[in-house]
$ cat query_2.csv   # CSV, C-alpha atoms
chain,number,residue,atom,x,y,z
A,561,MET,CA,-11.2,27.7,-80.3
A,562,PHE,CA,-10.5,29.6,-77.1
A,563,ARG,CA,-9.3,33.2,-77.0
A,564,TYR,CA,-7.7,35.0,-74.1
A,565,LEU,CA,-5.8,38.2,-73.5
A,566,PRO,CA,-2.3,37.7,-71.9
A,567,VAL,CA,-1.7,40.3,-69.2
A,568,SER,CA,1.1,40.9,-66.7
A,569,ALA,CA,0.6,42.1,-63.2
A,570,GLY,CA,3.2,42.1,-60.4
A,571,ASP,CA,5.6,39.5,-61.6
A,572,GLN,CA,2.9,37.2,-63.0
A,573,THR,CA,1.7,36.5,-66.5
A,574,LEU,CA,-2.0,35.7,-66.5
A,575,GLY,CA,-4.9,35.5,-69.0
A,576,ILE,CA,-8.3,37.1,-69.2
A,577,PRO,CA,-11.0,35.3,-71.2
A,578,PHE,CA,-11.7,37.4,-74.3
A,579,ALA,CA,-15.4,36.7,-74.1
A,580,ALA,CA,-15.6,38.7,-70.8
A,581,ILE,CA,-13.7,41.8,-72.0
A,582,ARG,CA,-15.7,44.9,-72.8
A,583,GLN,CA,-13.1,47.6,-73.1
A,584,ILE,CA,-9.4,48.2,-72.8
A,585,LEU,CA,-8.2,51.6,-71.6
A,586,MET,CA,-5.0,53.3,-70.7
A,587,TRP,CA,-4.9,54.5,-67.0
A,588,SER,CA,-4.6,58.1,-68.2
A,589,GLU,CA,-7.9,57.8,-70.0
A,590,LEU,CA,-9.8,57.6,-66.7
A,591,PRO,CA,-11.4,60.7,-65.4
A,592,GLY,CA,-10.0,60.0,-61.9
A,593,SER,CA,-6.5,59.1,-63.2
A,594,GLU,CA,-4.8,61.8,-61.0
A,595,ALA,CA,-5.7,59.7,-57.9
A,596,ALA,CA,-2.8,58.1,-56.2
A,597,GLU,CA,-4.4,54.7,-55.9
A,598,PRO,CA,-6.9,52.9,-58.1
A,599,GLN,CA,-10.3,53.2,-56.5
A,600,GLN,CA,-13.9,53.0,-57.5
A,601,ASP,CA,-14.0,55.3,-60.4
A,602,ASP,CA,-15.9,56.4,-63.4
A,603,LEU,CA,-15.1,55.1,-66.9
A,604,PRO,CA,-15.0,57.6,-69.7
A,605,SER,CA,-18.6,56.4,-70.5
A,606,GLY,CA,-19.7,57.7,-67.1
A,607,GLU,CA,-20.2,54.2,-65.8
A,608,GLU,CA,-19.2,53.5,-62.2
A,609,VAL,CA,-17.4,50.2,-61.7
A,610,MET,CA,-15.4,48.3,-59.1
A,611,MET,CA,-11.6,48.9,-59.7
A,612,ILE,CA,-9.3,46.0,-59.0
A,613,ASN,CA,-5.5,46.4,-59.0
A,614,LEU,CA,-4.5,42.9,-60.0
A,615,GLY,CA,-0.8,43.2,-59.2
A,616,GLN,CA,-1.6,44.5,-55.7
A,617,LEU,CA,-4.2,41.9,-55.1
A,618,LEU,CA,-2.0,39.0,-56.1
A,619,THR,CA,1.5,40.0,-55.1
A,620,GLY,CA,1.1,43.3,-53.2
A,621,SER,CA,3.1,45.0,-55.9
A,622,ASP,CA,2.8,48.7,-56.8
A,623,TYR,CA,2.0,49.8,-60.3
A,624,ASP,CA,3.2,52.4,-62.8
A,625,LYS,CA,0.4,54.8,-63.6
A,626,GLU,CA,2.0,55.9,-66.8
A,627,ARG,CA,2.0,52.4,-68.2
A,628,SER,CA,-0.9,50.7,-66.5
A,629,GLN,CA,-3.8,49.6,-68.5
A,630,ILE,CA,-7.4,49.0,-67.5
A,631,ILE,CA,-9.4,46.0,-68.8
A,632,VAL,CA,-13.1,46.4,-68.3
A,633,VAL,CA,-14.8,43.0,-67.9
A,634,ASP,CA,-18.3,41.7,-67.1
A,635,SER,CA,-18.8,39.3,-64.3
A,636,ALA,CA,-22.2,37.7,-63.7
A,637,THR,CA,-23.3,40.5,-61.4
A,638,GLN,CA,-21.4,43.6,-62.3
A,639,ARG,CA,-18.9,45.3,-64.6
A,640,ILE,CA,-15.4,45.6,-63.1
A,641,ALA,CA,-12.2,47.3,-64.2
A,642,ILE,CA,-8.9,45.3,-63.7
A,643,VAL,CA,-5.7,47.3,-63.6
A,644,VAL,CA,-2.7,45.4,-65.1
A,645,ASP,CA,0.9,46.4,-65.9
A,646,SER,CA,0.8,45.5,-69.5
A,647,ILE,CA,-1.1,43.4,-72.1
A,648,ALA,CA,0.2,41.2,-74.9
A,649,PRO,CA,-1.6,40.5,-78.2
A,650,LEU,CA,-4.7,38.4,-78.1
A,651,LYS,CA,-4.1,34.6,-78.3
A,652,THR,CA,-6.2,31.9,-79.8
A,653,VAL,CA,-5.7,28.3,-78.6
A,654,GLU,CA,-7.3,24.9,-79.3
A,655,PRO,CA,-10.1,24.1,-76.9
A,656,GLY,CA,-8.1,21.1,-75.6
A,657,SER,CA,-5.5,23.5,-74.3
A,658,TYR,CA,-8.0,24.8,-71.8
A,659,SER,CA,-8.7,23.1,-68.5
A,660,VAL,CA,-11.0,24.2,-65.7
A,661,MET,CA,-9.3,25.1,-62.5
A,662,PRO,CA,-9.0,21.9,-60.4
A,663,ALA,CA,-11.7,21.6,-57.8
A,664,ILE,CA,-9.1,21.4,-55.1
A,665,PHE,CA,-8.6,25.1,-55.3
A,666,GLY,CA,-12.2,25.7,-54.3
A,667,THR,CA,-14.3,28.5,-55.6
A,668,ARG,CA,-14.4,31.4,-53.2
A,669,GLN,CA,-10.7,31.7,-52.5
A,670,THR,CA,-9.3,31.5,-56.0
A,671,VAL,CA,-9.5,34.2,-58.6
A,672,PHE,CA,-8.8,31.8,-61.4
A,673,GLY,CA,-11.3,29.8,-63.4
A,674,GLY,CA,-9.1,27.8,-65.7
A,675,VAL,CA,-5.7,27.1,-67.0
A,676,ILE,CA,-4.2,27.3,-70.5
A,677,ARG,CA,-1.5,24.8,-71.4
A,678,GLU,CA,0.9,26.2,-74.0
A,679,GLN,CA,3.7,23.6,-74.6
A,680,GLU,CA,5.6,23.6,-71.2
A,681,ASN,CA,3.9,26.8,-70.0
A,682,LEU,CA,0.8,27.2,-67.9
A,683,ILE,CA,-1.3,30.4,-68.0
A,684,LEU,CA,-3.8,31.0,-65.2
A,685,LEU,CA,-7.0,32.5,-66.4
A,686,ILE,CA,-8.8,35.2,-64.3
A,687,ASP,CA,-12.4,34.4,-63.6
A,688,PRO,CA,-14.3,37.8,-63.5
A,689,ASP,CA,-16.9,36.4,-61.1
A,690,ARG,CA,-14.3,35.1,-58.7
A,691,ILE,CA,-12.0,38.1,-58.8
A,692,SER,CA,-14.8,40.5,-57.9
A,693,MET,CA,-15.7,38.2,-55.0
A,694,VAL,CA,-12.2,37.7,-53.7
A,695,SER,CA,-11.4,41.4,-54.1
A,696,ALA,CA,-14.4,42.4,-52.1
A,697,THR,CA,-13.4,40.0,-49.4
A,698,ALA,CA,-9.9,41.3,-49.3
A,699,ARG,CA,-11.1,44.9,-49.0
A,700,ASP,CA,-13.4,43.9,-46.1
A,701,CYS,CA,-10.5,42.3,-44.2
B,1023,MET,CA,-10.5,0.1,-51.6
B,1024,SER,CA,-8.6,-2.4,-53.9
B,1025,THR,CA,-9.0,-6.0,-52.9
B,1026,THR,CA,-6.7,-8.8,-54.0
B,1027,GLY,CA,-8.7,-11.5,-52.4
B,1028,ILE,CA,-11.3,-11.9,-49.7
B,1029,GLY,CA,-10.5,-9.4,-47.0
B,1030,SER,CA,-7.2,-8.1,-48.3
B,1031,THR,CA,-6.2,-4.9,-50.1
B,1032,GLN,CA,-3.1,-3.7,-52.0
B,1033,LEU,CA,-1.5,-0.5,-51.0
B,1034,CYS,CA,1.4,1.8,-52.1
B,1035,VAL,CA,3.4,2.5,-49.0
B,1036,PHE,CA,5.6,5.7,-48.8
B,1037,GLN,CA,7.0,8.4,-46.6
B,1038,VAL,CA,7.0,12.1,-47.1
B,1039,PRO,CA,9.5,14.9,-46.4
B,1040,GLY,CA,8.9,16.6,-43.1
B,1041,LEU,CA,7.1,13.5,-41.6
B,1042,ALA,CA,9.7,10.8,-41.9
B,1043,ASP,CA,8.6,9.2,-38.7
B,1044,PHE,CA,5.3,8.2,-40.2
B,1045,THR,CA,4.5,5.7,-42.9
B,1046,PHE,CA,1.7,6.5,-45.3
B,1047,ALA,CA,-0.3,4.4,-47.8
B,1048,LEU,CA,-2.6,4.9,-50.7
B,1049,THR,CA,-4.7,2.2,-52.3
B,1050,LEU,CA,-2.9,1.0,-55.4
B,1051,PRO,CA,-5.6,1.9,-58.0
B,1052,GLU,CA,-5.3,5.5,-57.0
B,1053,VAL,CA,-1.6,5.6,-57.8
B,1054,LEU,CA,-0.8,6.6,-61.4
B,1055,ALA,CA,2.9,6.7,-61.1
B,1056,ILE,CA,5.9,7.5,-59.0
B,1057,GLY,CA,8.3,9.8,-60.9
B,1058,SER,CA,9.5,13.3,-61.7
B,1059,LEU,CA,7.5,16.4,-62.5
B,1060,SER,CA,8.2,19.7,-64.1
B,1061,GLU,CA,8.4,22.6,-61.7
B,1062,ALA,CA,5.0,23.6,-60.4
B,1063,LEU,CA,3.5,27.0,-61.2
B,1064,PRO,CA,2.5,28.6,-57.9
B,1065,VAL,CA,-1.1,29.7,-57.7
B,1066,PRO,CA,-1.9,32.8,-55.8
B,1067,PHE,CA,-4.7,32.6,-53.2
B,1068,SER,CA,-4.3,28.8,-52.8
B,1069,PRO,CA,-3.9,27.1,-49.5
B,1070,ALA,CA,-0.4,27.4,-48.1
B,1071,TYR,CA,0.3,23.7,-48.4
B,1072,MET,CA,0.0,23.8,-52.2
B,1073,LEU,CA,3.0,23.9,-54.3
B,1074,GLY,CA,1.1,24.8,-57.5
B,1075,LEU,CA,0.2,23.3,-60.9
B,1076,THR,CA,2.1,21.4,-63.5
B,1077,VAL,CA,1.5,19.1,-66.4
B,1078,TRP,CA,2.1,15.3,-66.5
B,1079,GLN,CA,1.3,13.2,-69.5
B,1080,ASP,CA,-0.8,16.0,-70.9
B,1081,ARG,CA,-2.8,16.2,-67.7
B,1082,LEU,CA,-3.1,19.1,-65.3
B,1083,VAL,CA,-1.6,18.1,-61.9
B,1084,THR,CA,-2.1,19.8,-58.6
B,1085,VAL,CA,1.1,19.5,-56.6
B,1086,ILE,CA,0.7,19.5,-52.8
B,1087,ASP,CA,3.1,19.2,-49.9
B,1088,LEU,CA,1.4,16.3,-48.2
B,1089,GLY,CA,3.4,16.6,-45.0
B,1090,ALA,CA,2.5,20.3,-44.7
B,1091,ALA,CA,-1.1,19.5,-45.4
B,1092,LEU,CA,-1.2,16.9,-42.7
B,1093,LEU,CA,0.4,19.2,-40.2
B,1094,GLY,CA,-1.7,22.2,-41.2
B,1095,GLN,CA,1.4,24.2,-42.1
B,1096,PRO,CA,2.7,26.1,-45.1
B,1097,ALA,CA,4.6,24.1,-47.7
B,1098,THR,CA,8.3,23.7,-46.8
B,1099,THR,CA,11.3,24.6,-48.9
B,1100,ASP,CA,12.4,21.0,-48.9
B,1101,ALA,CA,9.2,19.8,-50.5
B,1102,ALA,CA,9.3,22.6,-53.0
B,1103,ALA,CA,12.8,21.7,-54.0
B,1104,SER,CA,12.0,18.0,-54.4
B,1105,LYS,CA,11.5,18.0,-58.2
B,1106,SER,CA,12.5,14.5,-58.9
B,1107,HIS,CA,10.4,12.1,-56.8
B,1108,PHE,CA,6.6,12.5,-56.6
B,1109,LEU,CA,3.7,10.2,-56.0
B,1110,ILE,CA,1.1,11.0,-58.7
B,1111,ALA,CA,-2.4,9.9,-57.9
B,1112,ARG,CA,-5.9,10.2,-59.3
B,1113,THR,CA,-8.8,11.4,-57.3
B,1114,LEU,CA,-12.5,12.0,-57.9
B,1115,TRP,CA,-14.3,15.1,-56.5
B,1116,GLY,CA,-17.9,14.9,-57.3
B,1117,ALA,CA,-18.0,14.2,-61.0
B,1118,GLN,CA,-14.6,15.8,-61.6
B,1119,ARG,CA,-11.6,13.5,-62.1
B,1120,GLU,CA,-8.3,15.2,-61.1
B,1121,VAL,CA,-4.7,14.3,-60.7
B,1122,VAL,CA,-2.7,15.3,-57.6
B,1123,ALA,CA,0.9,14.7,-56.7
B,1124,TRP,CA,3.2,15.2,-53.7
B,1125,PRO,CA,6.9,14.8,-53.0
B,1126,ILE,CA,7.8,11.5,-51.4
B,1127,LEU,CA,11.1,10.1,-50.0
B,1128,GLU,CA,13.0,7.3,-51.8
B,1129,GLY,CA,11.9,3.7,-50.9
B,1130,ALA,CA,8.2,3.5,-51.8
B,1131,SER,CA,6.9,0.0,-52.0
B,1132,THR,CA,3.6,-2.0,-52.3
B,1133,SER,CA,2.1,-4.0,-49.6
B,1134,THR,CA,-0.9,-6.3,-49.2
B,1135,VAL,CA,-2.8,-6.0,-45.9
B,1136,LEU,CA,-5.8,-7.8,-44.4
B,1137,LEU,CA,-8.8,-5.7,-44.0
B,1138,GLN,CA,-9.3,-7.0,-40.5
B,1139,ASP,CA,-6.1,-5.1,-39.6
B,1140,VAL,CA,-7.6,-1.8,-40.6
B,1141,ARG,CA,-8.8,0.3,-37.7
B,1142,LEU,CA,-9.2,4.0,-37.0
B,1143,SER,CA,-6.7,5.3,-34.5
B,1144,GLN,CA,-7.9,8.1,-32.2
B,1145,GLU,CA,-4.5,9.3,-31.2
B,1146,LEU,CA,-3.4,11.0,-34.4
B,1147,THR,CA,-2.4,14.6,-34.2
B,1148,LEU,CA,-2.4,15.0,-38.0
B,1149,ASN,CA,-5.2,16.5,-40.2
B,1150,ARG,CA,-7.9,13.8,-40.0
B,1151,ASP,CA,-9.7,15.1,-43.1
B,1152,LEU,CA,-6.8,13.6,-45.1
B,1153,ILE,CA,-6.8,10.2,-43.4
B,1154,TYR,CA,-9.2,7.3,-44.0
B,1155,SER,CA,-7.8,5.1,-41.3
B,1156,VAL,CA,-4.7,3.8,-39.7
B,1157,ILE,CA,-3.7,0.3,-40.7
B,1158,HIS,CA,-2.0,-1.8,-38.0
B,1159,THR,CA,0.1,-4.7,-39.1
B,1160,GLU,CA,2.5,-6.9,-37.1
B,1161,ASP,CA,5.6,-4.8,-37.7
B,1162,HIS,CA,4.3,-1.3,-38.2
B,1163,GLU,CA,1.4,1.0,-38.9
B,1164,MET,CA,0.5,2.9,-42.0
B,1165,ILE,CA,-1.7,6.0,-42.4
B,1166,LEU,CA,-4.1,5.5,-45.3
B,1167,ILE,CA,-4.5,8.8,-47.1
B,1168,ASN,CA,-7.9,10.2,-48.2
B,1169,THR,CA,-7.2,12.3,-51.3
B,1170,THR,CA,-10.8,13.6,-51.3
B,1171,GLY,CA,-9.9,15.4,-48.1
B,1172,PHE,CA,-7.9,18.0,-50.1
B,1173,MET,CA,-11.2,19.5,-51.3
B,1174,ILE,CA,-11.4,22.8,-49.6
B,1175,ALA,CA,-14.6,23.8,-48.0
B,1176,ASP,CA,-15.6,27.1,-49.5
B,1177,ASN,CA,-15.6,28.8,-46.2
B,1178,GLN,CA,-12.0,27.8,-45.4
B,1179,VAL,CA,-10.1,30.7,-46.9
B,1180,GLN,CA,-6.3,30.2,-46.6
B,1181,GLN,CA,-4.1,32.5,-48.6
B,1182,SER,CA,-0.6,31.7,-49.5
$ encode --input "query_2.csv" --output "structure tokens"
Amino acid sequence: MFRYLPVSAGDQTLGIPFAAIRQILMWSELPGSEAAEPQQDDLPSGEEVMMINLGQLLTGSDYDKERSQIIVVDSATQRIAIVVDSIAPLKTVEPGSYSVMPAIFGTRQTVFGGVIREQENLILLIDPDRISMVSATARDC
Amino acid sequence: MSTTGIGSTQLCVFQVPGLADFTFALTLPEVLAIGSLSEALPVPFSPAYMLGLTVWQDRLVTVIDLGAALLGQPATTDAAASKSHFLIARTLWGAQREVVAWPILEGASTSTVLLQDVRLSQELTLNRDLIYSVIHTEDHEMILINTTGFMIADNQVQQS
């Protein structure tokens, strides 16, 4: 079975593989939550992580600090915190519902690692390794 | 390339929106179907000529605006709106089998050509990564599409 957390960011509904998730927080739980924009910040545990505003990264949309949630995930090289607008209950699907992202999308330029098929719907799955790489590239540009 | 006899090959011949002056071809074994597809889900951070992902016969399909890809331009509204007529093809990238599709115009057909008629034209202004060769016959010429050319080099970052 494959488990993922549905999240919404901007106008998109996406998924985050459950295996990568370490912690889920409300924005207000962050020590630096008074900041106007998400930035590199400390988690309540004192850990410093890269902060990625998913809605802004994907659609350029702003976020609502009161409602935003932070999902702390592990990539291969670092721990990152992904800011999303909302989360839905964890979903479990058959392994056959999961497909790896088609190779045509390359590796460096996509933040997605796979796709979940749910009847007629497709859910793009965030790849923690790729999103940290793409986010770092976007910040450099 | 699919051969039907010594020195001949079978092709699916078609035209695409935005490049109606050109005739394109794909080897017949690469063609899975010509038909309709559900609306594609756009994928952020994908090349601008991509229309997104959809499902066909329980398989994940990458939908592309072939005309835009050949011209090196973003997908056009016309192609995105063309929900009813797609060429659905299989391709192999490394060990990964994948399905791609693109909108085509009405009137696709099959054709058998002699391999001796196949030659590479040097005058094309289209994206040569997506073209195997230009096939010249007595009445017209067809551009043979190379679906493996869609594979994006990792250093070619094109955001939509």
$ interface_residues --input "query_2.csv" --of "chain B" --to "chain A" --cutoff "12 Å" --atoms "all atoms listed in the file" --output "PyMOL selection string"
chain B and resi 1059-1086+1113-1122+1169-1182
$ residues_near_point --input "query_2.csv" --point "(-14.3, 42.7, -62.1)" --cutoff "7 Å" --atoms "all atoms listed in the file" --output "PyMOL selection string"
chain A and resi 610+612+633-635+639-642+688-689+691-692
$ atom_distance --input "query_2.csv" --atom1 "atom CA of B:Met1164" --atom2 "atom CA of B:Ala1091"
17.0 Å
$ residues_around --input "query_2.csv" --residues "stretch 1043-1053 of chain B" --least-positions-apart "3" --cutoff "10 Å" --atoms "all atoms listed in the file" --output "PyMOL selection string"
chain B and resi 1023-1025+1031-1040+1056+1089+1109-1114+1121-1123+1126+1130-1134+1153-1157+1162-1169
$ write_last_selection --input "query_2.csv" --atoms "C-alpha atoms" --output "PDB file, in the frame of the given file"
ATOM      1  CA  MET B1023     -10.500   0.100 -51.600  1.00  0.00           C
ATOM      2  CA  SER B1024      -8.600  -2.400 -53.900  1.00  0.00           C
ATOM      3  CA  THR B1025      -9.000  -6.000 -52.900  1.00  0.00           C
ATOM      4  CA  THR B1031      -6.200  -4.900 -50.100  1.00  0.00           C
ATOM      5  CA  GLN B1032      -3.100  -3.700 -52.000  1.00  0.00           C
ATOM      6  CA  LEU B1033      -1.500  -0.500 -51.000  1.00  0.00           C
ATOM      7  CA  CYS B1034       1.400   1.800 -52.100  1.00  0.00           C
ATOM      8  CA  VAL B1035       3.400   2.500 -49.000  1.00  0.00           C
ATOM      9  CA  PHE B1036       5.600   5.700 -48.800  1.00  0.00           C
ATOM     10  CA  GLN B1037       7.000   8.400 -46.600  1.00  0.00           C
ATOM     11  CA  VAL B1038       7.000  12.100 -47.100  1.00  0.00           C
ATOM     12  CA  PRO B1039       9.500  14.900 -46.400  1.00  0.00           C
ATOM     13  CA  GLY B1040       8.900  16.600 -43.100  1.00  0.00           C
ATOM     14  CA  ILE B1056       5.900   7.500 -59.000  1.00  0.00           C
ATOM     15  CA  GLY B1089       3.400  16.600 -45.000  1.00  0.00           C
ATOM     16  CA  LEU B1109       3.700  10.200 -56.000  1.00  0.00           C
ATOM     17  CA  ILE B1110       1.100  11.000 -58.700  1.00  0.00           C
ATOM     18  CA  ALA B1111      -2.400   9.900 -57.900  1.00  0.00           C
ATOM     19  CA  ARG B1112      -5.900  10.200 -59.300  1.00  0.00           C
ATOM     20  CA  THR B1113      -8.800  11.400 -57.300  1.00  0.00           C
ATOM     21  CA  LEU B1114     -12.500  12.000 -57.900  1.00  0.00           C
ATOM     22  CA  VAL B1121      -4.700  14.300 -60.700  1.00  0.00           C
ATOM     23  CA  VAL B1122      -2.700  15.300 -57.600  1.00  0.00           C
ATOM     24  CA  ALA B1123       0.900  14.700 -56.700  1.00  0.00           C
ATOM     25  CA  ILE B1126       7.800  11.500 -51.400  1.00  0.00           C
ATOM     26  CA  ALA B1130       8.200   3.500 -51.800  1.00  0.00           C
ATOM     27  CA  SER B1131       6.900   0.000 -52.000  1.00  0.00           C
ATOM     28  CA  THR B1132       3.600  -2.000 -52.300  1.00  0.00           C
ATOM     29  CA  SER B1133       2.100  -4.000 -49.600  1.00  0.00           C
ATOM     30  CA  THR B1134      -0.900  -6.300 -49.200  1.00  0.00           C
ATOM     31  CA  ILE B1153      -6.800  10.200 -43.400  1.00  0.00           C
ATOM     32  CA  TYR B1154      -9.200   7.300 -44.000  1.00  0.00           C
ATOM     33  CA  SER B1155      -7.800   5.100 -41.300  1.00  0.00           C
ATOM     34  CA  VAL B1156      -4.700   3.800 -39.700  1.00  0.00           C
ATOM     35  CA  ILE B1157      -3.700   0.300 -40.700  1.00  0.00           C
ATOM     36  CA  HIS B1162       4.300  -1.300 -38.200  1.00  0.00           C
ATOM     37  CA  GLU B1163       1.400   1.000 -38.900  1.00  0.00           C
ATOM     38  CA  MET B1164       0.500   2.900 -42.000  1.00  0.00           C
ATOM     39  CA  ILE B1165      -1.700   6.000 -42.400  1.00  0.00           C
ATOM     40  CA  LEU B1166      -4.100   5.500 -45.300  1.00  0.00           C
ATOM     41  CA  ILE B1167      -4.500   8.800 -47.100  1.00  0.00           C
ATOM     42  CA  ASN B1168      -7.900  10.200 -48.200  1.00  0.00           C
ATOM     43  CA  THR B1169      -7.200  12.300 -51.300  1.00  0.00           C
TER      44      THR B1169
END
$ residues_near_point --input "query_2.csv" --point "(-8.7, 49.5, -63.7)" --cutoff "7 Å" --atoms "all atoms listed in the file" --output "list in words"
Pro598, Met611, Ile612, Asn613, Gln629, Ile630, Ile631, Ala641, Ile642 and Val643 of chain A
$ atom_distance --input "query_2.csv" --atom1 "atom CA of B:Pro1125" --atom2 "atom CA of B:Leu1146"
21.6 Å
$ atom_distance --input "query_2.csv" --atom1 "atom CA of A:Ile584" --atom2 "atom CA of A:Gly620"
22.8 Å
$ closest_residue --input "query_2.csv" --among "A:Glu607, A:Asp687, A:Asp622, A:Glu654" --to "A:Ala569" --atoms "all atoms listed in the file"
A:Asp622
$ residues_around --input "query_2.csv" --residues "stretch 562-567 of chain A" --least-positions-apart "3" --cutoff "6 Å" --atoms "only C-alpha atoms" --output "list in words"
Thr573, Leu574, Gly575, Ile576, Pro577, Phe578, Ser646, Ile647, Ala648, Leu650, Lys651, Thr652, Val653 and Pro655 of chain A
$ residues_around --input "query_2.csv" --residues "B:Leu1136" --least-positions-apart "2" --cutoff "7 Å" --atoms "only C-alpha atoms" --output "list in words"
Gly1029, Ser1030, Thr1031, Gln1138 and Asp1139 of chain B
